[in-house]
Protein chains: 2
Amino acid sequence: MLLIAERINGMFIDVKQAIADKNKKVIQDLAKRQTDAGATYLDVNVGTAAADQQAAMQWLVETIQETCSTPLCLDSQKIDVIAAGLKVANTEPGILLNSSPLNKKNDEEILDKYIELAKNAGPKSAIIALTMDKNGVPQDIDTRVAIAAEIISKAVELGFDTQRLFIDPIILPVKVPNAQIQPTNILAAMDQITILAEPAPHITIGLSNVSQGTTQRSLINSTFLAMAVSHGLDSAIADVFDERLMNILATAEMLMNKQIYSDSFLKVYSSINK
Amino acid sequence: MLLIAERINGMFIDVKQAIADKNKKVIQDLAKRQTDAGATYLDVNVGTAAADQQAAMQWLVETIQETCSTPLCLDSQKIDVIAAGLKVANTEPGILLNSSPLNKKNDEEILDKYIELAKNAGPKSAIIALTMDKNGVPQDIDTRVAIAAEIISKAVELGFDTQRLFIDPIILPVKVPNAQIQPTNILAAMDQITILAEPAPHITIGLSNVSQGTTQRSLINSTFLAMAVSHGLDSAIADVFDERLMNILATAEMLMNKQIYSDSFLKVYSSINK
């Protein structure tokens with residue numbers, strides 16, 4: 001499981017404040033602790049509050065890199081913010097560019113630009129593409145799968161290996177009832193997306209979104225993660241500090257035969273991910 | 001989820017001893033507590049130690065029925081033991097006959113007999129059929145699915161509604177490595193079995209078997225249950241006293257849209273199942 005640790009995000013008050021104050025300690029502490037907890041990538045998202053988002057992205061990237069070499073996941077729907085981050089990012093250990101829709105309201109071919117940036121960022125770079133297009137987030141599953149197919153076509157057309165593609169079918173909060181986009185339908189979409197290309201693209205989700213606003217965030221996140229792993233999910237933007245989540249993930253991967261059972265499988269899993 | 005509570009089984013030392021001593025209190029306490037914990041059925045299995053298994057089955061059934069009216073699941077691979085239990089069982093609230101292979105080593109058509117007994121036990125009776133035949137438990141998934149198809153054919157042939165059929169694809173312990181019969185393959189078998197008939201048969205498993213001999217029984221059982229629910233599992237023989245398991249189950253069913261989300265969904269779930 002490629003785990004993208006979610007905490008360095010300007011939507012969290014401590015991170016927002018740290019960006020405003022240029023308080024390196026808060027950011028570096030999160031970077032180190034998330035790395036220790038098993039993060040494959042550290043998501044870096046300036047949020048919407050920063051006055052100069054490009055400068056904020058560069059400051060975050062440089063601040064994190066002073067303290068650890070965990071691959072980064074530059075996260076913005078503004079391509080200029082991603083590009084600014086890339087200028088100072090060490091892409092040697094790998095880098096993820098997160099997250100691109102297929103295209104934008106004005107028909108601008110934004111996915112092409114993310115792919116172009118990724119290609120220039122070296123062989124270990126990859127992108128996260130959302131199954132949304134100029135019409136926004138589709139209100140049904142079939143359209144999402146169709147957009148996933150278009151994303152894959154576009155990657156192939158541009159000579160970008162589908163294994164460097166992370167497709168995000170966009171999970172919505174269970175608290176917002178939507179008959180078309182229930183978690184069960186997202187699982188069905190995963191089943192379909194995994195067979196759209198050979199080799200299959202990665203599938204990722206913003207896991208914490210499913211439990212947004214609920215009273216049982218960890219339980220809902222963990223249970224959905226176990227289900228999703230059995231439907232081909234191999235990556236998630238998640239709270240790596242959640243011990244229940246990490247234990248269920250280790251167990252799910254063992255059950256899916258990605259790790260052999262041993263009496264100490266939980267410890268083995270966490271040490272592999274460090 | 002149709003939960004078959006597993007504890008009244010002569011394999012457990014306290015139950016074995018209670019059968020030997022005719023100690024009603026132990027059995028009745030388990031019956032009541034499992035009912036309170038959310039059991040749909042109470043499994044009743046005399047184990048292999050009882051000198052007279054038919055008499056032991058009848059004593060268990062009568063003992064349980066003195067204290068609660070929860071439907072029973074008579075569990076034996078000896079048809080005479082099932083028949084003995086049926087003679088004294090109240091089948092009015094429903095009854096499950098557990099568990100029949102397709103046929104026996106000597107080619108005896110045992111499934112026919114379970115179905116015949118169920119038919120005579122009234123409209124709320126059902127049977128659990130294991131995907132095994134005269135050759136024992138198949139060492140691969142395809143044969144299990146093929147046996148499931150034969151079980152369904154047999155039921156249809158005998159005019160037994162497929163909705164009264166619980167098919168058990170037989171989960172093996174993760175601690176016993178078997179490349180062909182990994183949990184992930186059992187999930188694939190579930191995907192296939194659910195589409196073998198319309199309306200689909202129930203799918204059940206002896207859940208605790210997956211974690212047999214491991215150091216993390218609850219975690220492994222719970223994680224596999226979440227996965228299996230997302231692949232069509234709608235019944236399990238399980239430890240209803242395991243709080244983690246029951247919380248993950250409630251969450252899995254909510255995520256599968258079998259229960260609407262509310263902030264108190266865990267409480268609502270447990271009250272519905274009482």
# chains A, B, ... in the order shown; residues from 1 in each chain; ligands from 1
call {"tool": "interface_residues", "arguments": {"of": "chain B", "to": "chain A", "cutoff": "8 Å", "atoms": "only C-alpha atoms", "output": "PyMOL selection string"}}
result
chain B and resi 174-175+182-184+214-215+219-220+223-224+226-230+247-248+251-252+255-257+261-264
call {"tool": "write_last_selection", "arguments": {"atoms": "N, CA, C and O atoms", "output": "mmCIF file, in the first residue's frame"}}
result
data_model
loop_
_atom_site.group_PDB
_atom_site.id
_atom_site.type_symbol
_atom_site.label_atom_id
_atom_site.label_comp_id
_atom_site.auth_asym_id
_atom_site.auth_seq_id
_atom_site.Cartn_x
_atom_site.Cartn_y
_atom_site.Cartn_z
ATOM 1 N N VAL B 174 -5.305 -18.549 7.882
ATOM 2 C CA VAL B 174 -4.174 -17.887 7.205
ATOM 3 C C VAL B 174 -2.845 -18.479 7.655
ATOM 4 O O VAL B 174 -1.843 -18.359 6.967
ATOM 5 N N LYS B 175 -2.863 -19.100 8.799
ATOM 6 C CA LYS B 175 -1.618 -19.664 9.341
ATOM 7 C C LYS B 175 -1.197 -20.932 8.591
ATOM 8 O O LYS B 175 -0.057 -21.369 8.712
ATOM 9 N N GLN B 182 -6.229 -18.960 -0.693
ATOM 10 C CA GLN B 182 -6.007 -17.790 0.136
ATOM 11 C C GLN B 182 -7.328 -17.053 0.344
ATOM 12 O O GLN B 182 -8.248 -17.182 -0.457
ATOM 13 N N PRO B 183 -7.382 -16.233 1.403
ATOM 14 C CA PRO B 183 -8.597 -15.452 1.631
ATOM 15 C C PRO B 183 -9.030 -14.661 0.393
ATOM 16 O O PRO B 183 -10.210 -14.583 0.079
ATOM 17 N N THR B 184 -8.051 -14.131 -0.331
ATOM 18 C CA THR B 184 -8.398 -13.340 -1.516
ATOM 19 C C THR B 184 -9.126 -14.196 -2.566
ATOM 20 O O THR B 184 -10.035 -13.732 -3.255
ATOM 21 N N THR B 214 -3.716 -17.933 15.328
ATOM 22 C CA THR B 214 -2.940 -16.692 15.172
ATOM 23 C C THR B 214 -2.918 -15.898 16.480
ATOM 24 O O THR B 214 -3.656 -16.212 17.422
ATOM 25 N N THR B 215 -2.096 -14.866 16.497
ATOM 26 C CA THR B 215 -1.970 -14.021 17.692
ATOM 27 C C THR B 215 -2.926 -12.832 17.665
ATOM 28 O O THR B 215 -2.987 -12.067 18.616
ATOM 29 N N LEU B 219 -8.643 -9.044 15.277
ATOM 30 C CA LEU B 219 -8.262 -8.137 14.191
ATOM 31 C C LEU B 219 -8.392 -8.823 12.831
ATOM 32 O O LEU B 219 -8.908 -8.247 11.865
ATOM 33 N N ILE B 220 -7.940 -10.067 12.752
ATOM 34 C CA ILE B 220 -8.006 -10.799 11.478
ATOM 35 C C ILE B 220 -9.463 -11.127 11.127
ATOM 36 O O ILE B 220 -9.904 -10.922 9.990
ATOM 37 N N THR B 223 -11.226 -7.776 10.055
ATOM 38 C CA THR B 223 -10.783 -7.239 8.766
ATOM 39 C C THR B 223 -11.313 -8.106 7.624
ATOM 40 O O THR B 223 -11.822 -7.586 6.621
ATOM 41 N N PHE B 224 -11.239 -9.416 7.795
ATOM 42 C CA PHE B 224 -11.743 -10.286 6.731
ATOM 43 C C PHE B 224 -13.261 -10.141 6.595
ATOM 44 O O PHE B 224 -13.802 -10.158 5.478
ATOM 45 N N ALA B 226 -15.058 -7.429 7.081
ATOM 46 C CA ALA B 226 -15.337 -6.193 6.326
ATOM 47 C C ALA B 226 -15.152 -6.432 4.831
ATOM 48 O O ALA B 226 -15.998 -6.058 4.008
ATOM 49 N N MET B 227 -14.041 -7.077 4.482
ATOM 50 C CA MET B 227 -13.791 -7.376 3.069
ATOM 51 C C MET B 227 -14.903 -8.253 2.489
ATOM 52 O O MET B 227 -15.440 -7.981 1.412
ATOM 53 N N ALA B 228 -15.240 -9.320 3.223
ATOM 54 C CA ALA B 228 -16.194 -10.296 2.706
ATOM 55 C C ALA B 228 -17.585 -9.694 2.525
ATOM 56 O O ALA B 228 -18.284 -10.007 1.559
ATOM 57 N N VAL B 229 -17.974 -8.805 3.441
ATOM 58 C CA VAL B 229 -19.283 -8.144 3.309
ATOM 59 C C VAL B 229 -19.343 -7.379 1.980
ATOM 60 O O VAL B 229 -20.379 -7.341 1.319
ATOM 61 N N SER B 230 -18.192 -6.827 1.569
ATOM 62 C CA SER B 230 -18.183 -6.078 0.305
ATOM 63 C C SER B 230 -18.128 -7.003 -0.905
ATOM 64 O O SER B 230 -18.154 -6.539 -2.047
ATOM 65 N N ASN B 247 -18.625 -3.974 15.899
ATOM 66 C CA ASN B 247 -18.576 -2.578 15.458
ATOM 67 C C ASN B 247 -18.167 -2.471 13.991
ATOM 68 O O ASN B 247 -18.725 -1.674 13.229
ATOM 69 N N ILE B 248 -17.192 -3.273 13.599
ATOM 70 C CA ILE B 248 -16.763 -3.238 12.192
ATOM 71 C C ILE B 248 -17.878 -3.774 11.293
ATOM 72 O O ILE B 248 -18.125 -3.253 10.204
ATOM 73 N N THR B 251 -20.419 -1.093 10.831
ATOM 74 C CA THR B 251 -19.879 -0.065 9.937
ATOM 75 C C THR B 251 -19.873 -0.560 8.489
ATOM 76 O O THR B 251 -20.228 0.181 7.562
ATOM 77 N N ALA B 252 -19.494 -1.811 8.298
ATOM 78 C CA ALA B 252 -19.469 -2.388 6.950
ATOM 79 C C ALA B 252 -20.870 -2.389 6.347
ATOM 80 O O ALA B 252 -21.059 -2.038 5.177
ATOM 81 N N LEU B 255 -21.768 1.099 5.392
ATOM 82 C CA LEU B 255 -21.064 1.500 4.168
ATOM 83 C C LEU B 255 -21.655 0.818 2.931
ATOM 84 O O LEU B 255 -21.633 1.377 1.834
ATOM 85 N N MET B 256 -22.199 -0.398 3.111
ATOM 86 C CA MET B 256 -22.827 -1.104 1.993
ATOM 87 C C MET B 256 -24.279 -0.663 1.819
ATOM 88 O O MET B 256 -25.042 -1.277 1.073
ATOM 89 N N ASN B 257 -24.644 0.381 2.538
ATOM 90 C CA ASN B 257 -25.973 0.984 2.409
ATOM 91 C C ASN B 257 -27.098 0.066 2.877
ATOM 92 O O ASN B 257 -28.243 0.200 2.445
ATOM 93 N N TYR B 261 -26.642 6.095 7.330
ATOM 94 C CA TYR B 261 -25.786 6.680 8.344
ATOM 95 C C TYR B 261 -26.573 7.613 9.254
ATOM 96 O O TYR B 261 -27.351 8.437 8.802
ATOM 97 N N SER B 262 -26.378 7.472 10.559
ATOM 98 C CA SER B 262 -26.774 8.505 11.515
ATOM 99 C C SER B 262 -25.670 8.519 12.550
ATOM 100 O O SER B 262 -24.902 7.558 12.656
ATOM 101 N N ASP B 263 -25.570 9.589 13.328
ATOM 102 C CA ASP B 263 -24.468 9.682 14.291
ATOM 103 C C ASP B 263 -24.488 8.521 15.289
ATOM 104 O O ASP B 263 -23.472 8.199 15.891
ATOM 105 N N SER B 264 -25.671 7.920 15.452
ATOM 106 C CA SER B 264 -25.756 6.806 16.407
ATOM 107 C C SER B 264 -25.899 5.461 15.692
ATOM 108 O O SER B 264 -26.531 4.547 16.197
#
call {"tool": "select_by_dssp", "arguments": {"residues": "range 29-260 of chain A", "states": "strand (DSSP E)", "output": "MDAnalysis selection string"}}
result
chainID A and resid 41:44 72:75 95:100 125:130 165:168 202:203 235:238
call {"tool": "write_last_selection", "arguments": {"atoms": "C-alpha atoms", "output": "PDB file, in the first residue's frame"}}
result
ATOM      1  CA  TYR A  41       4.748   9.933   0.508  1.00  0.00           C
ATOM      2  CA  LEU A  42       4.090  13.131   2.453  1.00  0.00           C
ATOM      3  CA  ASP A  43       1.224  15.135   1.007  1.00  0.00           C
ATOM      4  CA  VAL A  44       2.056  18.841   0.806  1.00  0.00           C
ATOM      5  CA  LEU A  72       6.673  14.300  -1.476  1.00  0.00           C
ATOM      6  CA  CYS A  73       3.213  14.496  -2.949  1.00  0.00           C
ATOM      7  CA  LEU A  74       2.697  18.045  -4.178  1.00  0.00           C
ATOM      8  CA  ASP A  75      -1.009  18.681  -3.834  1.00  0.00           C
ATOM      9  CA  ILE A  95       7.471  12.495  -6.413  1.00  0.00           C
ATOM     10  CA  LEU A  96       3.705  12.526  -6.850  1.00  0.00           C
ATOM     11  CA  LEU A  97       1.756  15.380  -8.415  1.00  0.00           C
ATOM     12  CA  ASN A  98      -1.722  15.603  -6.890  1.00  0.00           C
ATOM     13  CA  SER A  99      -4.372  16.104  -8.210  1.00  0.00           C
ATOM     14  CA  SER A 100      -5.495  16.728 -11.750  1.00  0.00           C
ATOM     15  CA  SER A 125       7.490  10.745 -10.757  1.00  0.00           C
ATOM     16  CA  ALA A 126       3.779   9.954 -10.938  1.00  0.00           C
ATOM     17  CA  ILE A 127       0.477  11.805 -10.935  1.00  0.00           C
ATOM     18  CA  ILE A 128      -2.863  11.484  -9.194  1.00  0.00           C
ATOM     19  CA  ALA A 129      -5.780  12.102 -11.550  1.00  0.00           C
ATOM     20  CA  LEU A 130      -9.305  12.634 -10.255  1.00  0.00           C
ATOM     21  CA  LEU A 165      -0.891   6.966 -12.918  1.00  0.00           C
ATOM     22  CA  PHE A 166      -2.888   7.027  -9.674  1.00  0.00           C
ATOM     23  CA  ILE A 167      -6.618   7.264 -10.402  1.00  0.00           C
ATOM     24  CA  ASP A 168      -8.845   8.626  -7.654  1.00  0.00           C
ATOM     25  CA  HIS A 202      -2.778   2.558  -9.238  1.00  0.00           C
ATOM     26  CA  ILE A 203      -6.044   3.389  -7.480  1.00  0.00           C
ATOM     27  CA  SER A 235      -2.851   3.626  -2.340  1.00  0.00           C
ATOM     28  CA  ALA A 236      -4.599   6.097  -0.073  1.00  0.00           C
ATOM     29  CA  ILE A 237      -4.214   9.607   1.250  1.00  0.00           C
ATOM     30  CA  ALA A 238      -4.768   8.842   4.892  1.00  0.00           C
TER      31      ALA A 238
END
call {"tool": "residues_around", "arguments": {"residues": "Cys68 in chain A", "least_positions_apart": "5", "cutoff": "12 Å", "atoms": "only C-alpha atoms", "output": "tab-separated table (two decimals) with N, CA and C atoms, in the first residue's frame"}}
result
chain	number	residue	atom	x	y	z
A	27	ILE	N	5.99	21.89	11.05
A	27	ILE	CA	5.99	21.14	9.79
A	27	ILE	C	6.99	19.98	9.83
A	28	GLN	N	8.16	20.26	10.35
A	28	GLN	CA	9.20	19.23	10.38
A	28	GLN	C	8.83	18.09	11.33
A	29	ASP	N	8.17	18.46	12.41
A	29	ASP	CA	7.71	17.44	13.35
A	29	ASP	C	6.68	16.52	12.67
A	30	LEU	N	5.74	17.11	11.95
A	30	LEU	CA	4.73	16.30	11.23
A	30	LEU	C	5.41	15.43	10.17
A	31	ALA	N	6.39	15.99	9.49
A	31	ALA	CA	7.08	15.23	8.44
A	31	ALA	C	7.78	14.02	9.03
A	32	LYS	N	8.48	14.22	10.13
A	32	LYS	CA	9.22	13.11	10.74
A	32	LYS	C	8.28	12.06	11.32
A	33	ARG	N	7.27	12.54	12.05
A	33	ARG	CA	6.36	11.59	12.70
A	33	ARG	C	5.55	10.79	11.68
A	34	GLN	N	5.14	11.43	10.60
A	34	GLN	CA	4.40	10.69	9.57
A	34	GLN	C	5.30	9.69	8.86
A	35	THR	N	6.55	10.05	8.67
A	35	THR	CA	7.51	9.12	8.07
A	35	THR	C	7.68	7.90	8.97
A	36	ASP	N	7.86	8.17	10.26
A	36	ASP	CA	8.02	7.07	11.23
A	36	ASP	C	6.78	6.18	11.27
A	39	ALA	N	4.51	6.47	6.33
A	39	ALA	CA	4.16	7.18	5.10
A	39	ALA	C	5.11	6.82	3.96
A	41	TYR	N	4.63	8.56	0.98
A	41	TYR	CA	4.75	9.93	0.51
A	41	TYR	C	4.20	10.87	1.60
A	42	LEU	N	4.68	12.10	1.60
A	42	LEU	CA	4.09	13.13	2.45
A	42	LEU	C	3.31	14.09	1.57
A	61	VAL	N	8.00	22.73	1.03
A	61	VAL	CA	8.88	21.71	0.44
A	61	VAL	C	10.29	21.83	1.03
A	62	GLU	N	10.81	23.04	1.06
A	62	GLU	CA	12.18	23.24	1.57
A	62	GLU	C	12.27	22.90	3.05
A	63	THR	N	11.23	23.28	3.78
A	63	THR	CA	11.21	23.01	5.22
A	63	THR	C	11.21	21.51	5.50
A	90	ASN	N	13.24	17.85	-4.25
A	90	ASN	CA	14.15	16.78	-4.62
A	90	ASN	C	13.30	15.62	-5.15
A	93	PRO	N	14.09	10.68	-4.88
A	93	PRO	CA	13.45	9.49	-4.26
A	93	PRO	C	12.05	9.21	-4.81
call {"tool": "residues_around", "arguments": {"residues": "Lys134 in chain A", "least_positions_apart": "2", "cutoff": "7 Å", "atoms": "only C-alpha atoms", "output": "PDB file with N, CA, C and O atoms, in the first residue's frame"}}
result
ATOM      1  N   ASN A 103     -10.035  17.565 -17.386  1.00  0.00           N
ATOM      2  CA  ASN A 103      -9.916  18.894 -17.980  1.00  0.00           C
ATOM      3  C   ASN A 103     -10.708  19.891 -17.135  1.00  0.00           C
ATOM      4  O   ASN A 103     -11.387  19.502 -16.187  1.00  0.00           O
ATOM      5  N   LYS A 104     -10.579  21.149 -17.470  1.00  0.00           N
ATOM      6  CA  LYS A 104     -11.194  22.185 -16.630  1.00  0.00           C
ATOM      7  C   LYS A 104     -12.436  22.766 -17.289  1.00  0.00           C
ATOM      8  O   LYS A 104     -12.716  22.529 -18.453  1.00  0.00           O
ATOM      9  N   LYS A 105     -13.155  23.566 -16.503  1.00  0.00           N
ATOM     10  CA  LYS A 105     -14.417  24.156 -16.981  1.00  0.00           C
ATOM     11  C   LYS A 105     -14.301  24.789 -18.355  1.00  0.00           C
ATOM     12  O   LYS A 105     -15.173  24.650 -19.194  1.00  0.00           O
ATOM     13  N   ASN A 106     -13.189  25.475 -18.564  1.00  0.00           N
ATOM     14  CA  ASN A 106     -13.009  26.171 -19.843  1.00  0.00           C
ATOM     15  C   ASN A 106     -12.415  25.254 -20.918  1.00  0.00           C
ATOM     16  O   ASN A 106     -11.872  25.731 -21.905  1.00  0.00           O
ATOM     17  N   ASP A 107     -12.497  23.905 -20.652  1.00  0.00           N
ATOM     18  CA  ASP A 107     -11.983  22.918 -21.612  1.00  0.00           C
ATOM     19  C   ASP A 107     -10.463  22.840 -21.656  1.00  0.00           C
ATOM     20  O   ASP A 107      -9.900  22.118 -22.473  1.00  0.00           O
ATOM     21  N   GLY A 136     -17.229  19.024 -13.552  1.00  0.00           N
ATOM     22  CA  GLY A 136     -17.083  18.818 -12.108  1.00  0.00           C
ATOM     23  C   GLY A 136     -17.071  17.343 -11.751  1.00  0.00           C
ATOM     24  O   GLY A 136     -16.747  16.495 -12.589  1.00  0.00           O
TER      25      GLY A 136
END
call {"tool": "residues_around", "arguments": {"residues": "range 45-59 of chain A", "least_positions_apart": "2", "cutoff": "10 Å", "atoms": "only C-alpha atoms", "output": "CSV table (one decimal) with C-alpha atoms, in the first residue's frame"}}
result
chain,number,residue,atom,x,y,z
A,6,GLU,CA,-2.4,13.7,4.8
A,7,ARG,CA,-1.4,16.0,7.7
A,8,ILE,CA,0.7,18.6,6.0
A,9,ASN,CA,-2.3,20.5,4.7
A,10,GLY,CA,-3.2,24.1,5.2
A,11,MET,CA,-6.8,23.0,6.0
A,12,PHE,CA,-5.5,21.9,9.4
A,15,VAL,CA,-0.4,23.8,9.5
A,16,LYS,CA,-2.2,27.0,8.4
A,17,GLN,CA,-0.8,28.8,11.3
A,19,ILE,CA,2.7,28.6,7.2
A,20,ALA,CA,1.6,32.1,8.3
A,22,LYS,CA,7.0,30.4,9.0
A,24,LYS,CA,9.4,25.2,10.7
A,42,LEU,CA,4.1,13.1,2.5
A,43,ASP,CA,1.2,15.1,1.0
A,61,VAL,CA,8.9,21.7,0.4
A,62,GLU,CA,12.2,23.2,1.6
A,63,THR,CA,11.2,23.0,5.2
A,64,ILE,CA,10.3,19.3,5.0
A,65,GLN,CA,13.4,18.5,2.9
A,73,CYS,CA,3.2,14.5,-2.9
A,74,LEU,CA,2.7,18.0,-4.2
A,75,ASP,CA,-1.0,18.7,-3.8
A,76,SER,CA,-2.8,21.5,-5.6
A,77,GLN,CA,-5.4,21.9,-8.3
A,78,LYS,CA,-3.4,25.0,-9.4
A,79,ILE,CA,-0.7,23.8,-11.8
A,80,ASP,CA,1.4,26.9,-11.1
A,81,VAL,CA,1.6,25.9,-7.4
A,82,ILE,CA,2.7,22.4,-8.4
A,83,ALA,CA,5.3,23.8,-10.7
A,84,ALA,CA,6.6,26.2,-8.0
A,85,GLY,CA,7.0,23.2,-5.6
A,86,LEU,CA,8.7,21.2,-8.3
A,87,LYS,CA,11.4,23.9,-8.7
A,88,VAL,CA,12.7,23.3,-5.2
A,89,ALA,CA,11.7,19.6,-4.7
A,98,ASN,CA,-1.7,15.6,-6.9
call {"tool": "decode", "arguments": {"residues": "range 13-61 of chain B", "atoms": "C-alpha atoms", "output": "PDB file, in the first residue's frame"}}
result
ATOM      1  CA  ILE B  13     -14.161 -26.883  26.988  1.00  0.00           C
ATOM      2  CA  ASP B  14     -16.896 -25.212  29.057  1.00  0.00           C
ATOM      3  CA  VAL B  15     -19.611 -26.508  26.706  1.00  0.00           C
ATOM      4  CA  LYS B  16     -18.074 -29.984  26.525  1.00  0.00           C
ATOM      5  CA  GLN B  17     -18.018 -30.119  30.317  1.00  0.00           C
ATOM      6  CA  ALA B  18     -21.574 -28.768  30.570  1.00  0.00           C
ATOM      7  CA  ILE B  19     -22.812 -31.513  28.225  1.00  0.00           C
ATOM      8  CA  ALA B  20     -21.029 -34.177  30.308  1.00  0.00           C
ATOM      9  CA  ASP B  21     -22.402 -32.756  33.581  1.00  0.00           C
ATOM     10  CA  LYS B  22     -25.844 -31.791  32.211  1.00  0.00           C
ATOM     11  CA  ASN B  23     -25.112 -28.316  33.564  1.00  0.00           C
ATOM     12  CA  LYS B  24     -27.930 -26.229  32.101  1.00  0.00           C
ATOM     13  CA  LYS B  25     -26.723 -22.936  33.524  1.00  0.00           C
ATOM     14  CA  VAL B  26     -23.592 -22.740  31.331  1.00  0.00           C
ATOM     15  CA  ILE B  27     -25.591 -23.376  28.157  1.00  0.00           C
ATOM     16  CA  GLN B  28     -28.497 -21.102  29.016  1.00  0.00           C
ATOM     17  CA  ASP B  29     -26.146 -18.304  29.963  1.00  0.00           C
ATOM     18  CA  LEU B  30     -24.392 -18.583  26.582  1.00  0.00           C
ATOM     19  CA  ALA B  31     -27.753 -18.695  24.804  1.00  0.00           C
ATOM     20  CA  LYS B  32     -29.011 -15.541  26.494  1.00  0.00           C
ATOM     21  CA  ARG B  33     -25.800 -13.581  26.219  1.00  0.00           C
ATOM     22  CA  GLN B  34     -25.326 -14.433  22.538  1.00  0.00           C
ATOM     23  CA  THR B  35     -28.921 -13.432  21.851  1.00  0.00           C
ATOM     24  CA  ASP B  36     -28.362 -10.112  23.619  1.00  0.00           C
ATOM     25  CA  ALA B  37     -25.166  -9.577  21.632  1.00  0.00           C
ATOM     26  CA  GLY B  38     -27.061  -9.761  18.340  1.00  0.00           C
ATOM     27  CA  ALA B  39     -27.228 -13.425  17.278  1.00  0.00           C
ATOM     28  CA  THR B  40     -29.785 -14.193  14.563  1.00  0.00           C
ATOM     29  CA  TYR B  41     -29.276 -17.934  15.129  1.00  0.00           C
ATOM     30  CA  LEU B  42     -27.582 -19.899  17.895  1.00  0.00           C
ATOM     31  CA  ASP B  43     -25.325 -22.615  16.532  1.00  0.00           C
ATOM     32  CA  VAL B  44     -25.767 -25.900  18.415  1.00  0.00           C
ATOM     33  CA  ASN B  45     -22.926 -28.369  17.969  1.00  0.00           C
ATOM     34  CA  VAL B  46     -22.321 -31.233  20.383  1.00  0.00           C
ATOM     35  CA  GLY B  47     -18.727 -31.661  19.280  1.00  0.00           C
ATOM     36  CA  THR B  48     -17.161 -35.056  18.937  1.00  0.00           C
ATOM     37  CA  ALA B  49     -16.679 -35.926  22.593  1.00  0.00           C
ATOM     38  CA  ALA B  50     -20.280 -36.683  23.611  1.00  0.00           C
ATOM     39  CA  ALA B  51     -20.882 -40.419  24.072  1.00  0.00           C
ATOM     40  CA  ASP B  52     -24.379 -40.237  22.611  1.00  0.00           C
ATOM     41  CA  GLN B  53     -24.398 -37.339  20.156  1.00  0.00           C
ATOM     42  CA  GLN B  54     -28.126 -37.587  19.394  1.00  0.00           C
ATOM     43  CA  ALA B  55     -29.051 -37.431  23.064  1.00  0.00           C
ATOM     44  CA  ALA B  56     -26.582 -34.581  23.634  1.00  0.00           C
ATOM     45  CA  MET B  57     -28.086 -32.604  20.733  1.00  0.00           C
ATOM     46  CA  GLN B  58     -31.597 -33.061  22.119  1.00  0.00           C
ATOM     47  CA  TRP B  59     -30.484 -32.021  25.607  1.00  0.00           C
ATOM     48  CA  LEU B  60     -28.808 -28.877  24.220  1.00  0.00           C
ATOM     49  CA  VAL B  61     -31.850 -27.923  22.146  1.00  0.00           C
TER      50      VAL B  61
END
